[in-house]
Number of protein chains: 2
Amino acid sequence: MSKTFFEELNSENVTGVAYKNINLKKAALAYFANIGNATIADMCKELNLSAPKVTTLLNDLIQDGLVKDYGKVESTGGRKPNLYGLVPDSAFFIGVDIKQNHLNLGLSDLQKNLIRTVEDLPYKLDNNKESLEQLCHHINQFITDLPVPREKILGIGINLSGRINYATGYSYSFFHFDEEPLSKIIEAKIGIRVFLENDSRAMAYGEFCSDSVHGEKNVLFLNLDHGIGMGVLIDGKLYYGKSGYSGEFGHIPLFDNEIICHCGKKGCLETEASGWALVRMFRQKLEEGSSSLLSRRNMQPSEIGLQDIIHAANHDDVLAIELIARIGENLGRGIALLINIFNPELVILGGSLAATEDYIRLPIKSAINKYSLSLVNNDTKLKISRLGERAGIIGACLLVRNKVLIS
Amino acid sequence: MSKTFFEELNSENVTGVAYKNINLKKAALAYFANIGNATIADMCKELNLSAPKVTTLLNDLIQDGLVKDYGKVESTGGRKPNLYGLVPDSAFFIGVDIKQNHLNLGLSDLQKNLIRTVEDLPYKLDNNKESLEQLCHHINQFITDLPVPREKILGIGINLSGRINYATGYSYSFFHFDEEPLSKIIEAKIGIRVFLENDSRAMAYGEFCSDSVHGEKNVLFLNLDHGIGMGVLIDGKLYYGKSGYSGEFGHIPLFDNEIICHCGKKGCLETEASGWALVRMFRQKLEEGSSSLLSRRNMQPSEIGLQDIIHAANHDDVLAIELIARIGENLGRGIALLINIFNPELVILGGSLAATEDYIRLPIKSAINKYSLSLVNNDTKLKISRLGERAGIIGACLLVRNKVLIS
DNA sequence: TAAAGTAAATAAATAAATTTAAAAACTATA
DNA sequence: TATAGTTTTTAAATTTATTTATTTACTTTA
């Protein structure tokens with residue numbers, strides 16, 4: 001029943017009143033999707049329709065199985081209105097967050113509820129066909145294990161790092177073997193619509209939809225991990241740029257050094273302000289004889305990873321805290337620049353480094369004050385991500401939901 | 001007649017069918033404003049309405065005096081359609097572009113035609129009440145000299161450099177004497193609605209509406225003058241940020257020098273890549289004994305201004321060309337960063353330095369290639385402004401037109 | 001506890017839009 | 001040059017949405 005509805009939703013060559021009705025249905029669904037449940041009166045205001053029209057519209061959507069009557073709700077005097085909203089289990093979405101060394105998978109329903117997650121599933125992201133095969137296998141396994149019929153899953157959102165052209169479904173940094181776009185290749189193997197997204201942008205979207213954001217329309221999200229990624233919300237919408245490559249904040253030429261970045265250039269922000277840089281600095285300090293919780297545990301410098309340093313900092317390791325402050329200061333200079341350019345209401349720090357909270361936030365904050373115009377930076381709040389590691393799967397699910405439901 | 005219409009346009013507390021009709025009128029006007037003239041069939045497609053409805057809508061607008069029938073036009077076989085469009089002289093807009101040492105004024109009609117301009121009117125922009133008084137006087141004089149009745153002028157757009165809060169009408173860098181917003185103060189003295197805008201953003205808008213831009217939706221405009229300003233077009237709309245302070249590209253901390261910028265900070269892009277920087281470098285070179293067209297004309301280093309250097313470069317002065325190339329290289333590093341962040345389709349170079357054309361464009365281009373990711377910068381075209389000095393008044397007029405007509 | 005007041009939902013009446021059909025204006029081809 | 005084919009425009013018919021009025025449901029106050 002609902003399947004025919006989603007077909008109808010994307011049908012072409014519909015004109016006149018039929019077209020308008022489809023659009024009204026979309027608008028109603030989008031409203032429910034964004035706002036949650038609503039009364040007929042709410043919908044009248046939102047959609048500029050009369051009560052009888054909204055009533056028939058809702059009845060149609062109830063017939064389609066997408067909307068249901070949630071019963072009466074309190075009123076400010078007078079007859080209690082009925083509340084209507086989406087039927088949570090009428091449709092589902094899958095989010096896949098591909099990290100360097102593991103996979104996070106999640107399932108959300110129509111009402112944004114995260115029903116099930118599988119986190120830290122061991123998986124090695126390599127740029128070869130076996131790795132891609134493995135990925136599809138994991139996704140398929142996840143789906144077959146779900147207590148949800150396959151046909152109710154309307155789409156899969158996959159987050160991948162590097163250059164992704166969201167619109168065409170091409171990935172340029174990973175799995176770019178064929179003529180066909182990567183999204184189509186995975187789609188063929190799984191049999192459900194696939195949407196690729198840049199990992200940082202997906203995390204950003206997850207965060208934007210969370211309660212970190214209250215009505216702010218211009219927000220920057222920074223994914224502070226080994227690399228530095230960014231997602232930009234402008235006017236309440238994700239910003240892509242021409243081909244979806246926007247937000248390459250990690251590779252802006254901000255330093256005058258001789259360190260070669262992963263991108264092949266010199267002087268990138270990532271060479272002085274990323275997780276890679278932190279690991280490099282940390283190892284170097286140890287080799288120079290500095291002491292740390294980690295060295296006292298007899299770890300070799302070359303064995304030490306980013307997670308170890310973050311963990312050490314959160315256990316009051318002075319060297320880790322010092323170096324994170326240095327990273328933060330460098331990063332803050334970069335963020336100052338973003339604030340001058342974007343005049344955002346809010347900057348959210350996410351990714352694994354954000355777990356060090358004020359150890360990274362405060363140096364960033366003071367660098368922002370130092371390097372950006374005060375009238376401008378007074379406008380901007382600086383927060384730590386609420387969702388942490390989960391931002392990725394949540395964002396992936398919500399993006400697919402949006403794609404299918406709203407646009 | 002048309003006056004009552006614009007009142008109706010902004011009337012509140014209108015609901016139901018009356019509200020919808022006002023919205024349709026707005027949509028029709030916006031369509032004409034953006035696209036130009038159109039046939040009934042075009043409007044049907046655009047507004048998703050039936051032919052009879054569009055006919056009555058157009059008749060209403062014709063009654064209001066805003067739209068007229070432009071007669072028949074060629075067809076692809078079959079009956080020739082009638083073309084409808086805005087009545088050019090049913091409404092007018094004034095644009096005022098305030099420069100450091102002069103004023104440009106312009107009048108445009110409803111059809112975007114620039115009817116009259118007064119350029120290079122001597123005026124000294126100082127941050128005091130006399131200067132503000134002078135400004136109002138000039139504007140008033142311009143208006144009384146016009147062959148257009150005052151009541152047909154629906155608004156005045158004023159471009160000012162520095163921090164402008166477009167929404168509230170406050171200017172923070174100039175004329176910030178009173179509690180009241182500057183726009184209201186000028187409005188009171190002239191008796192016509194006033195809209196303030198940041199100068200670079202207004203120029204950007206002028207350029208975006210010109211034929212430099214063909215369907216590109218994500219465009220950056222750089223105002224290369226004494227300072228460096230930027231206007232950003234995102235998804236076809238001007239980007240403001242939280243309070244309208246976005247685009248402070250000149251004050252990003254990109255250099256590690258000891259030069260104090262106008263903003264009070266060190267290391268700003270403006271200290272190494274602006275008109276001010278060019279003048280400083282040029283004077284220094286002369287003092288160090290370098291030779292130039294200008295020194296051979298017996299000009300003292302301290303007398304030399306930006307225009308002189310631009311003029312010299314365009315007359316093949318080697319020193320000027322060399323230093324402009326250096327400025328261009330520094331600027332290019334900044335633009336590379338913007339390209340990484342925005343992935344724009346187009347970057348337009350405007351402002352007085354853009355008049356040196358390839359002398360500035362080519363060094364910028366090569367720095368972009370050097371400092372930004374190639375997959376990203378391959379997406380971006382780099383053009384010199386078409387409108388030159390006029391971008392300001394055109395942008396100011398068009399912004400007011402937009403404000404009154406569309407939003 | 002009844003009556004007055006308020007808001008939501010529904011029904012009937014009315015207004016407004018779309019559809020369908022027909023007329024008008026033009027092009028292309030036999 | 002007449003006729004068939006197109007496309008626009010207008011007119012009439014029909015559908016659809018809005019208004020207005022009424023009923024239902026509940027709150028508040030006398």
# chains A, B, ... in the order shown; residues from 1 in each chain; ligands from 1

call {"tool": "interface_residues", "arguments": {"of": "chain A", "to": "chain B", "cutoff": "6 Å", "atoms": "only C-alpha atoms", "output": "ChimeraX atom specification"}}
result
/A:241-242,245-249,252,254,337,340-345

call {"tool": "write_last_selection", "arguments": {"atoms": "N, CA and C atoms", "output": "PDB file, in the first residue's frame"}}
result
ATOM      1  N   GLY A 241      28.113  22.908  -2.695  1.00  0.00           N
ATOM      2  CA  GLY A 241      28.989  23.456  -3.725  1.00  0.00           C
ATOM      3  C   GLY A 241      28.667  22.826  -5.068  1.00  0.00           C
ATOM      4  N   LYS A 242      29.474  23.133  -6.068  1.00  0.00           N
ATOM      5  CA  LYS A 242      29.127  22.709  -7.419  1.00  0.00           C
ATOM      6  C   LYS A 242      28.979  21.193  -7.527  1.00  0.00           C
ATOM      7  N   TYR A 245      32.010  18.941  -3.366  1.00  0.00           N
ATOM      8  CA  TYR A 245      33.341  18.861  -2.771  1.00  0.00           C
ATOM      9  C   TYR A 245      33.592  19.958  -1.740  1.00  0.00           C
ATOM     10  N   SER A 246      32.571  20.706  -1.427  1.00  0.00           N
ATOM     11  CA  SER A 246      32.771  21.809  -0.487  1.00  0.00           C
ATOM     12  C   SER A 246      33.190  21.280   0.882  1.00  0.00           C
ATOM     13  N   GLY A 247      33.741  22.164   1.696  1.00  0.00           N
ATOM     14  CA  GLY A 247      34.088  21.795   3.066  1.00  0.00           C
ATOM     15  C   GLY A 247      35.451  21.167   3.208  1.00  0.00           C
ATOM     16  N   GLU A 248      36.317  21.313   2.198  1.00  0.00           N
ATOM     17  CA  GLU A 248      37.662  20.739   2.303  1.00  0.00           C
ATOM     18  C   GLU A 248      38.536  21.657   3.156  1.00  0.00           C
ATOM     19  N   PHE A 249      38.125  21.784   4.367  1.00  0.00           N
ATOM     20  CA  PHE A 249      38.771  22.691   5.298  1.00  0.00           C
ATOM     21  C   PHE A 249      40.167  22.201   5.679  1.00  0.00           C
ATOM     22  N   ILE A 252      43.262  23.587   3.462  1.00  0.00           N
ATOM     23  CA  ILE A 252      43.514  24.993   3.149  1.00  0.00           C
ATOM     24  C   ILE A 252      44.975  25.309   3.495  1.00  0.00           C
ATOM     25  N   LEU A 254      47.376  27.055   5.143  1.00  0.00           N
ATOM     26  CA  LEU A 254      47.433  28.028   6.235  1.00  0.00           C
ATOM     27  C   LEU A 254      48.817  28.112   6.867  1.00  0.00           C
ATOM     28  N   LEU A 337      39.131  32.027  10.717  1.00  0.00           N
ATOM     29  CA  LEU A 337      38.983  32.370   9.302  1.00  0.00           C
ATOM     30  C   LEU A 337      37.577  31.998   8.815  1.00  0.00           C
ATOM     31  N   ASN A 340      35.135  34.560  10.148  1.00  0.00           N
ATOM     32  CA  ASN A 340      35.170  35.792   9.354  1.00  0.00           C
ATOM     33  C   ASN A 340      34.418  35.632   8.041  1.00  0.00           C
ATOM     34  N   ILE A 341      34.535  34.479   7.453  1.00  0.00           N
ATOM     35  CA  ILE A 341      33.930  34.273   6.136  1.00  0.00           C
ATOM     36  C   ILE A 341      32.434  33.973   6.238  1.00  0.00           C
ATOM     37  N   PHE A 342      32.053  33.150   7.218  1.00  0.00           N
ATOM     38  CA  PHE A 342      30.664  32.680   7.275  1.00  0.00           C
ATOM     39  C   PHE A 342      29.785  33.443   8.256  1.00  0.00           C
ATOM     40  N   ASN A 343      30.368  34.097   9.237  1.00  0.00           N
ATOM     41  CA  ASN A 343      29.564  34.715  10.301  1.00  0.00           C
ATOM     42  C   ASN A 343      28.467  33.759  10.782  1.00  0.00           C
ATOM     43  N   PRO A 344      28.864  32.578  11.237  1.00  0.00           N
ATOM     44  CA  PRO A 344      27.867  31.568  11.609  1.00  0.00           C
ATOM     45  C   PRO A 344      27.309  31.830  13.010  1.00  0.00           C
ATOM     46  N   GLU A 345      26.180  31.246  13.292  1.00  0.00           N
ATOM     47  CA  GLU A 345      25.605  31.363  14.627  1.00  0.00           C
ATOM     48  C   GLU A 345      26.256  30.377  15.585  1.00  0.00           C
TER      49      GLU A 345
END

call {"tool": "interface_residues", "arguments": {"of": "chain C", "to": "chain B", "cutoff": "6 Å", "atoms": "only C-alpha atoms (C1' of nucleotides)", "output": "MDAnalysis selection string"}}
result
chainID C and resid 25:27

call {"tool": "select_by_dssp", "arguments": {"residues": "region 81-112 of chain A", "states": "strand (DSSP E or B)", "output": "mmCIF file with N, CA and C atoms, in the first residue's frame"}}
result
data_model
loop_
_atom_site.group_PDB
_atom_site.id
_atom_site.type_symbol
_atom_site.label_atom_id
_atom_site.label_comp_id
_atom_site.auth_asym_id
_atom_site.auth_seq_id
_atom_site.Cartn_x
_atom_site.Cartn_y
_atom_site.Cartn_z
ATOM 1 N N ASN A 82 -7.413 16.675 17.673
ATOM 2 C CA ASN A 82 -6.719 15.413 17.441
ATOM 3 C C ASN A 82 -5.320 15.681 16.893
ATOM 4 N N LEU A 83 -4.398 14.825 17.304
ATOM 5 C CA LEU A 83 -3.018 14.966 16.854
ATOM 6 C C LEU A 83 -2.756 13.926 15.775
ATOM 7 N N TYR A 84 -2.145 14.363 14.682
ATOM 8 C CA TYR A 84 -1.790 13.445 13.604
ATOM 9 C C TYR A 84 -0.280 13.418 13.421
ATOM 10 N N GLY A 85 0.207 12.302 12.967
ATOM 11 C CA GLY A 85 1.654 12.210 12.733
ATOM 12 C C GLY A 85 2.008 10.980 11.920
ATOM 13 N N LEU A 86 3.271 10.871 11.572
ATOM 14 C CA LEU A 86 3.743 9.751 10.758
ATOM 15 C C LEU A 86 3.615 8.433 11.517
ATOM 16 N N PHE A 92 11.383 2.513 6.739
ATOM 17 C CA PHE A 92 12.651 2.504 7.477
ATOM 18 C C PHE A 92 13.815 2.935 6.584
ATOM 19 N N PHE A 93 14.872 3.352 7.247
ATOM 20 C CA PHE A 93 16.064 3.808 6.516
ATOM 21 C C PHE A 93 17.316 3.253 7.189
ATOM 22 N N ILE A 94 18.309 2.975 6.359
ATOM 23 C CA ILE A 94 19.553 2.437 6.904
ATOM 24 C C ILE A 94 20.683 3.438 6.717
ATOM 25 N N GLY A 95 21.491 3.571 7.754
ATOM 26 C CA GLY A 95 22.671 4.433 7.678
ATOM 27 C C GLY A 95 23.932 3.611 7.881
ATOM 28 N N VAL A 96 24.920 3.837 7.019
ATOM 29 C CA VAL A 96 26.178 3.108 7.117
ATOM 30 C C VAL A 96 27.312 4.128 7.212
ATOM 31 N N ASP A 97 28.071 4.053 8.277
ATOM 32 C CA ASP A 97 29.151 5.000 8.501
ATOM 33 C C ASP A 97 30.465 4.237 8.384
ATOM 34 N N ILE A 98 31.194 4.517 7.318
ATOM 35 C CA ILE A 98 32.427 3.771 7.071
ATOM 36 C C ILE A 98 33.608 4.524 7.665
ATOM 37 N N HIS A 102 36.681 0.507 11.065
ATOM 38 C CA HIS A 102 35.445 -0.155 11.475
ATOM 39 C C HIS A 102 34.244 0.444 10.784
ATOM 40 N N LEU A 103 33.116 -0.184 11.045
ATOM 41 C CA LEU A 103 31.869 0.170 10.389
ATOM 42 C C LEU A 103 30.824 0.405 11.470
ATOM 43 N N ASN A 104 29.984 1.438 11.301
ATOM 44 C CA ASN A 104 28.809 1.583 12.149
ATOM 45 C C ASN A 104 27.579 1.500 11.262
ATOM 46 N N LEU A 105 26.612 0.713 11.704
ATOM 47 C CA LEU A 105 25.378 0.591 10.931
ATOM 48 C C LEU A 105 24.192 0.935 11.813
ATOM 49 N N GLY A 106 23.162 1.482 11.222
ATOM 50 C CA GLY A 106 21.978 1.824 11.999
ATOM 51 C C GLY A 106 20.710 1.742 11.176
ATOM 52 N N LEU A 107 19.602 1.552 11.882
ATOM 53 C CA LEU A 107 18.288 1.528 11.233
ATOM 54 C C LEU A 107 17.409 2.550 11.920
ATOM 55 N N SER A 108 16.805 3.442 11.142
ATOM 56 C CA SER A 108 15.863 4.388 11.752
ATOM 57 C C SER A 108 14.491 4.220 11.124
ATOM 58 N N ASP A 109 13.467 4.566 11.885
ATOM 59 C CA ASP A 109 12.120 4.487 11.327
ATOM 60 C C ASP A 109 11.713 5.856 10.785
#

call {"tool": "interface_residues", "arguments": {"of": "chain D", "to": "chain A", "cutoff": "6 Å", "atoms": "only C-alpha atoms (C1' of nucleotides)", "output": "mmCIF file with N, CA, C and O atoms (P, O5', C5', C4', C3', O3' and C1' of nucleotides), in the first residue's frame"}}
result
data_model
loop_
_atom_site.group_PDB
_atom_site.id
_atom_site.type_symbol
_atom_site.label_atom_id
_atom_site.label_comp_id
_atom_site.auth_asym_id
_atom_site.auth_seq_id
_atom_site.Cartn_x
_atom_site.Cartn_y
_atom_site.Cartn_z
ATOM 1 P P DA D 25 -19.088 14.694 20.656
ATOM 2 O "O5'" DA D 25 -18.065 15.653 21.397
ATOM 3 C "C5'" DA D 25 -16.775 15.875 20.802
ATOM 4 C "C4'" DA D 25 -15.988 16.780 21.701
ATOM 5 C "C3'" DA D 25 -16.020 16.401 23.190
ATOM 6 O "O3'" DA D 25 -14.690 16.369 23.650
ATOM 7 C "C1'" DA D 25 -16.525 18.684 22.914
ATOM 8 P P DC D 26 -14.284 15.607 24.939
ATOM 9 O "O5'" DC D 26 -13.915 16.817 25.900
ATOM 10 C "C5'" DC D 26 -12.802 17.643 25.537
ATOM 11 C "C4'" DC D 26 -13.033 19.036 26.059
ATOM 12 C "C3'" DC D 26 -13.086 19.160 27.577
ATOM 13 O "O3'" DC D 26 -11.837 19.642 28.045
ATOM 14 C "C1'" DC D 26 -14.509 20.688 26.440
ATOM 15 P P DT D 27 -11.594 19.885 29.591
ATOM 16 O "O5'" DT D 27 -11.685 21.472 29.702
ATOM 17 C "C5'" DT D 27 -10.985 22.302 28.769
ATOM 18 C "C4'" DT D 27 -11.211 23.764 29.133
ATOM 19 C "C3'" DT D 27 -11.024 24.073 30.613
ATOM 20 O "O3'" DT D 27 -10.282 25.275 30.725
ATOM 21 C "C1'" DT D 27 -13.205 24.721 29.929
#

call {"tool": "select_by_dssp", "arguments": {"residues": "region 304-335 of chain B", "states": "helix (DSSP H, G or I)", "output": "number ranges by chain"}}
result
B: 306-314, 318-335

call {"tool": "write_last_selection", "arguments": {"atoms": "C-alpha atoms", "output": "mmCIF file, in the first residue's frame"}}
result
data_model
loop_
_atom_site.group_PDB
_atom_site.id
_atom_site.type_symbol
_atom_site.label_atom_id
_atom_site.label_comp_id
_atom_site.auth_asym_id
_atom_site.auth_seq_id
_atom_site.Cartn_x
_atom_site.Cartn_y
_atom_site.Cartn_z
ATOM 1 C CA LEU B 306 46.403 52.912 -5.979
ATOM 2 C CA GLN B 307 44.928 54.341 -9.178
ATOM 3 C CA ASP B 308 48.365 55.541 -10.253
ATOM 4 C CA ILE B 309 49.821 52.080 -9.904
ATOM 5 C CA ILE B 310 46.929 50.449 -11.757
ATOM 6 C CA HIS B 311 47.299 53.013 -14.492
ATOM 7 C CA ALA B 312 51.039 52.406 -14.665
ATOM 8 C CA ALA B 313 50.554 48.647 -14.942
ATOM 9 C CA ASN B 314 48.112 49.097 -17.792
ATOM 10 C CA VAL B 318 57.404 46.717 -15.058
ATOM 11 C CA LEU B 319 57.528 47.474 -11.337
ATOM 12 C CA ALA B 320 53.756 47.868 -11.132
ATOM 13 C CA ILE B 321 53.194 44.649 -13.030
ATOM 14 C CA GLU B 322 55.655 42.783 -10.834
ATOM 15 C CA LEU B 323 54.103 43.934 -7.607
ATOM 16 C CA ILE B 324 50.581 43.272 -8.828
ATOM 17 C CA ALA B 325 51.746 39.744 -9.609
ATOM 18 C CA ARG B 326 53.010 39.433 -6.048
ATOM 19 C CA ILE B 327 49.705 40.689 -4.676
ATOM 20 C CA GLY B 328 47.965 38.260 -7.007
ATOM 21 C CA GLU B 329 49.978 35.335 -5.757
ATOM 22 C CA ASN B 330 49.180 36.113 -2.147
ATOM 23 C CA LEU B 331 45.563 36.654 -3.011
ATOM 24 C CA GLY B 332 45.520 33.420 -4.945
ATOM 25 C CA ARG B 333 46.523 31.524 -1.847
ATOM 26 C CA GLY B 334 43.508 33.035 -0.108
ATOM 27 C CA ILE B 335 41.215 32.248 -3.014
#

call {"tool": "residues_around", "arguments": {"residues": "DA21 (chain D)", "least_positions_apart": "5", "cutoff": "12 Å", "atoms": "only C-alpha atoms (C1' of nucleotides)", "output": "number ranges by chain"}}
result
C: 10-14

call {"tool": "residues_around", "arguments": {"residues": "region 198-211 of chain B", "least_positions_apart": "2", "cutoff": "7 Å", "atoms": "only C-alpha atoms (C1' of nucleotides)", "output": "list of chain:residue names"}}
result
B:Asn159, B:Leu160, B:Ser161, B:Gly162, B:Arg163, B:Ile164, B:Val213, B:His214, B:Phe221, B:Asn223, B:Gly229, B:Met230, B:Gly231, B:Leu387, B:Ala391, B:Gly392, B:Ile394, B:Gly395, B:Ala396, B:Leu398

call {"tool": "residues_around", "arguments": {"residues": "Ile139 (chain B)", "least_positions_apart": "2", "cutoff": "12 Å", "atoms": "only C-alpha atoms (C1' of nucleotides)", "output": "VMD selection string"}}
result
chain B and resid 94 to 98 103 to 107 117 to 118 121 123 132 to 137 141 to 146 156 to 158 186 to 187 189 to 192 194

call {"tool": "atom_distance", "arguments": {"atom1": "CA of Asn128 (chain A)", "atom2": "CA of Ile185 (chain A)"}}
result
13.9 Å

call {"tool": "residues_around", "arguments": {"residues": "DA16 (chain C)", "least_positions_apart": "3", "cutoff": "9 Å", "atoms": "only C-alpha atoms (C1' of nucleotides)", "output": "MDAnalysis selection string"}}
result
(chainID B and resid 17) or (chainID D and resid 16:18)

call {"tool": "residues_around", "arguments": {"residues": "region 54-71 of chain A", "least_positions_apart": "4", "cutoff": "9 Å", "atoms": "only C-alpha atoms (C1' of nucleotides)", "output": "ChimeraX atom specification"}}
result
/A:1-5,21,24-25,28-29,37,40-41,43-44,47,49-50,81-91,110

call {"tool": "atom_distance", "arguments": {"atom1": "CA of Asn402 (chain A)", "atom2": "CA of Lys112 (chain A)"}}
result
10.5 Å
